[in-house]
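Here's the structure we're looking at; comments come further down.
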Amino acid sequence: GMMLVKKFRLAVVQLHVSKIKADNLGRAQKLVKEAAGQGAKVVVLPECFNSPYGTGFFAEYAEKIPGESTKVLSEAAKDCGVYLVGGSIPEEDGGKLYNSCSVFGPDGKLLVKHRKIHLFDIDVPGKIRFQESETLSPGNSLSMFETPFCKVGVGICYDIRFAELAHIYAKKGCQLLVYPGAFNMTTGPVHWELLQRGRAVDNQVYVATASPARDESASYVAWGHSSVVNPWGEVIAKAGPEESVVYADIDLQYLADVRQQIPITTQRRNDLYSVNSVQEG
């Protein structure tokens, strides 16, 4: 097997997303390169990084995978020699639309494609109503990939609200969970960080999120604040609202220490309860 490296640098790219796809792709490419230059081995882009976020935009910006956007991601991963978690893009397949995250290895090969499995359908009266299911179809598989550092589990935005998914990823050996996401100005301030810290402390894993930068003029205003949380539940890196790249050193020896100090993994009462996956990817 691979010689496991105990420490690696992770970069989260909080990209400013405009209505011009070519600009979004170009800027994503530039920032991935910048992150690699700073020693990042794993780079994460935001949800819906190639198009504005909204049910009215998905069909217009949708692409096949492989397609234009994933070609850019594949080349960026290969040029920079990084594992690239390609945020997400609206994907068209067989007449259906999905919110999909493609992950590429340092050789430019597609490692996994995660289609958002929990669609963002919420209605907070007077604040926000958003129904992804009006245009999108849900994915039906769990998504994990291997790196020389650790195994990584992938979710998109609303997927983070479902503790079961994170628990199963951890049970399957993931030590880092990545969630490209675009929380809004209603749920962002109250739940964004809380959910990340919850997933991290429940499973004693690192959790990283990548949001688009905040654009007050957009129809959907993203909260921003892309973050990395450690297995102790501490926020170790955090962006503001503007476009930026934030870095965190992921320390797998520290993760092992935390699990030894508070050994919840071995203390679970499997005789009383369990969370299991019923369908593999």
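Each chain of the structure tokens is named A, B, ... in the order shown, its residues numbered from 1; ligands are numbered from 1 in display order.
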
When you look at segment 104-117 of chain A with a cut-off of 6 Å (counting only C-alpha atoms), what residues show up, excluding the ones that are within fewer than 2 positions of it in the same chain? I need them as a list in words.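 After dropping sequence-adjacent residues, the list is Ser74, Glu75, Ala77, Lys78, Gly81, Val82, Tyr83, Leu84, Asn99, Ser100, Cys101, Ser102, Pro138, Gly139, Asn140, Ser143 and Ile156 of chain A.
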
Take the residues from that selection and put them in a file with N, CA, C and O atoms, as an mmCIF file, in the first residue's frame.
```
data_model
loop_
_atom_site.group_PDB
_atom_site.id
_atom_site.type_symbol
_atom_site.label_atom_id
_atom_site.label_comp_id
_atom_site.auth_asym_id
_atom_site.auth_seq_id
_atom_site.Cartn_x
_atom_site.Cartn_y
_atom_site.Cartn_z
ATOM 1 N N SER A 74 -9.355 18.980 -14.348
ATOM 2 C CA SER A 74 -8.411 17.889 -14.566
ATOM 3 C C SER A 74 -7.019 18.425 -14.894
ATOM 4 O O SER A 74 -6.012 17.969 -14.342
ATOM 5 N N GLU A 75 -6.976 19.419 -15.773
ATOM 6 C CA GLU A 75 -5.694 20.021 -16.158
ATOM 7 C C GLU A 75 -5.041 20.746 -14.988
ATOM 8 O O GLU A 75 -3.829 20.655 -14.787
ATOM 9 N N ALA A 77 -5.435 20.107 -11.778
ATOM 10 C CA ALA A 77 -4.952 19.109 -10.820
ATOM 11 C C ALA A 77 -3.624 18.534 -11.291
ATOM 12 O O ALA A 77 -2.675 18.398 -10.509
ATOM 13 N N LYS A 78 -3.546 18.231 -12.581
ATOM 14 C CA LYS A 78 -2.331 17.630 -13.150
ATOM 15 C C LYS A 78 -1.175 18.637 -13.174
ATOM 16 O O LYS A 78 -0.064 18.321 -12.752
ATOM 17 N N GLY A 81 -0.165 19.154 -9.597
ATOM 18 C CA GLY A 81 0.138 17.951 -8.834
ATOM 19 C C GLY A 81 -0.605 17.856 -7.522
ATOM 20 O O GLY A 81 -0.057 17.462 -6.495
ATOM 21 N N VAL A 82 -1.894 18.236 -7.548
ATOM 22 C CA VAL A 82 -2.696 18.212 -6.320
ATOM 23 C C VAL A 82 -3.932 17.326 -6.478
ATOM 24 O O VAL A 82 -4.332 16.993 -7.596
ATOM 25 N N TYR A 83 -4.496 16.966 -5.352
ATOM 26 C CA TYR A 83 -5.832 16.359 -5.339
ATOM 27 C C TYR A 83 -6.791 17.536 -5.338
ATOM 28 O O TYR A 83 -6.730 18.391 -4.445
ATOM 29 N N LEU A 84 -7.661 17.601 -6.334
ATOM 30 C CA LEU A 84 -8.548 18.748 -6.476
ATOM 31 C C LEU A 84 -10.006 18.329 -6.320
ATOM 32 O O LEU A 84 -10.533 17.561 -7.126
ATOM 33 N N ASN A 99 -26.411 18.315 -9.039
ATOM 34 C CA ASN A 99 -25.421 19.217 -8.450
ATOM 35 C C ASN A 99 -24.230 18.315 -8.121
ATOM 36 O O ASN A 99 -24.290 17.540 -7.164
ATOM 37 N N SER A 100 -23.176 18.387 -8.936
ATOM 38 C CA SER A 100 -22.133 17.363 -8.898
ATOM 39 C C SER A 100 -20.726 17.864 -8.621
ATOM 40 O O SER A 100 -20.289 18.860 -9.191
ATOM 41 N N CYS A 101 -20.030 17.114 -7.781
ATOM 42 C CA CYS A 101 -18.642 17.413 -7.432
ATOM 43 C C CYS A 101 -17.716 16.365 -8.035
ATOM 44 O O CYS A 101 -17.840 15.179 -7.736
ATOM 45 N N SER A 102 -16.787 16.802 -8.878
ATOM 46 C CA SER A 102 -15.798 15.894 -9.465
ATOM 47 C C SER A 102 -14.467 16.084 -8.748
ATOM 48 O O SER A 102 -14.036 17.209 -8.537
ATOM 49 N N PRO A 138 -31.631 14.080 -7.213
ATOM 50 C CA PRO A 138 -30.627 13.731 -6.209
ATOM 51 C C PRO A 138 -29.692 12.617 -6.680
ATOM 52 O O PRO A 138 -30.099 11.749 -7.456
ATOM 53 N N GLY A 139 -28.460 12.639 -6.183
ATOM 54 C CA GLY A 139 -27.548 11.527 -6.415
ATOM 55 C C GLY A 139 -27.925 10.393 -5.473
ATOM 56 O O GLY A 139 -28.650 10.607 -4.500
ATOM 57 N N ASN A 140 -27.432 9.198 -5.753
ATOM 58 C CA ASN A 140 -27.778 8.047 -4.921
ATOM 59 C C ASN A 140 -26.574 7.265 -4.439
ATOM 60 O O ASN A 140 -26.683 6.073 -4.182
ATOM 61 N N SER A 143 -19.628 8.932 -1.609
ATOM 62 C CA SER A 143 -18.445 9.228 -2.412
ATOM 63 C C SER A 143 -17.216 9.410 -1.538
ATOM 64 O O SER A 143 -17.159 10.318 -0.715
ATOM 65 N N ILE A 156 -21.974 17.619 -0.392
ATOM 66 C CA ILE A 156 -22.182 18.967 -0.930
ATOM 67 C C ILE A 156 -23.225 19.694 -0.090
ATOM 68 O O ILE A 156 -24.367 19.245 0.032
#
```

At a cut-off of 10 Å, can you tabulate as a tab-separated table every residue of segment 145-251 of chain A near segment 49-53 of chain A together with its closest atom pair and the distance in Å to one decimal, using only C-alpha atoms and ordering rows by chain then number?
```
residue	atom	partner	partner_atom	distance
A:Pro180	CA	A:Phe49	CA	9.3
A:Gly181	CA	A:Phe49	CA	9.8
A:Ala182	CA	A:Tyr53	CA	8.3
A:Ala210	CA	A:Phe49	CA	9.9
A:Ser211	CA	A:Phe49	CA	8.8
A:Pro212	CA	A:Phe49	CA	6.9
A:Ala213	CA	A:Phe49	CA	10.0
A:Ala218	CA	A:Pro52	CA	7.8
A:Ser219	CA	A:Tyr53	CA	8.1
A:Tyr220	CA	A:Tyr53	CA	6.4
A:Val221	CA	A:Tyr53	CA	8.9
A:Ala222	CA	A:Tyr53	CA	9.0
```

Could you dump the residues just selected with N, CA and C atoms as a tab-separated table (two decimals), in the first residue's frame?
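Now in result16.tsv:
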```
chain	number	residue	atom	x	y	z
A	180	PRO	N	-18.03	21.17	-0.17
A	180	PRO	CA	-18.25	22.43	-0.89
A	180	PRO	C	-19.69	22.85	-0.59
A	181	GLY	N	-19.92	24.11	-0.27
A	181	GLY	CA	-21.28	24.52	0.11
A	181	GLY	C	-21.50	26.00	-0.08
A	182	ALA	N	-22.78	26.37	-0.13
A	182	ALA	CA	-23.11	27.80	-0.24
A	182	ALA	C	-24.28	28.08	0.69
A	210	ALA	N	-15.96	24.73	1.59
A	210	ALA	CA	-15.59	25.78	0.65
A	210	ALA	C	-16.86	26.45	0.14
A	211	SER	N	-16.98	27.72	0.44
A	211	SER	CA	-18.14	28.51	0.01
A	211	SER	C	-17.71	29.49	-1.08
A	212	PRO	N	-18.64	29.88	-1.94
A	212	PRO	CA	-18.32	31.02	-2.81
A	212	PRO	C	-18.13	32.26	-1.93
A	213	ALA	N	-17.38	33.24	-2.44
A	213	ALA	CA	-17.25	34.51	-1.73
A	213	ALA	C	-18.62	35.19	-1.73
A	218	ALA	N	-25.76	39.39	-5.91
A	218	ALA	CA	-26.26	38.14	-6.49
A	218	ALA	C	-27.68	37.86	-6.02
A	219	SER	N	-28.40	37.05	-6.79
A	219	SER	CA	-29.78	36.71	-6.40
A	219	SER	C	-29.78	35.80	-5.17
A	220	TYR	N	-28.72	35.01	-5.01
A	220	TYR	CA	-28.54	34.17	-3.82
A	220	TYR	C	-27.24	34.62	-3.19
A	221	VAL	N	-27.31	35.18	-1.98
A	221	VAL	CA	-26.11	35.71	-1.35
A	221	VAL	C	-25.49	34.67	-0.42
A	222	ALA	N	-24.29	34.23	-0.77
A	222	ALA	CA	-23.60	33.20	0.02
A	222	ALA	C	-23.00	33.82	1.28
```

Just list as a PyMOL selection string whatever in segment 70-216 of chain A DSSP marks as strand (DSSP E). chain A and resi 83-85+89-93+96-104+110-115+121-124+128-131+144-146+151-154+174-180+206-210

Taking only C-alpha atoms into account, name the residue in A:Gly224, A:Pro263, A:Gly126, A:Gly233 that is nearest to Gly198 of chain A. A:Gly233

Residue with the minimum atom-to-atom distance to Glu63 of chain A, picked from A:Asp202, A:Glu92, A:Glu132, A:Asp123 with only C-alpha atoms counted, is A:Glu92
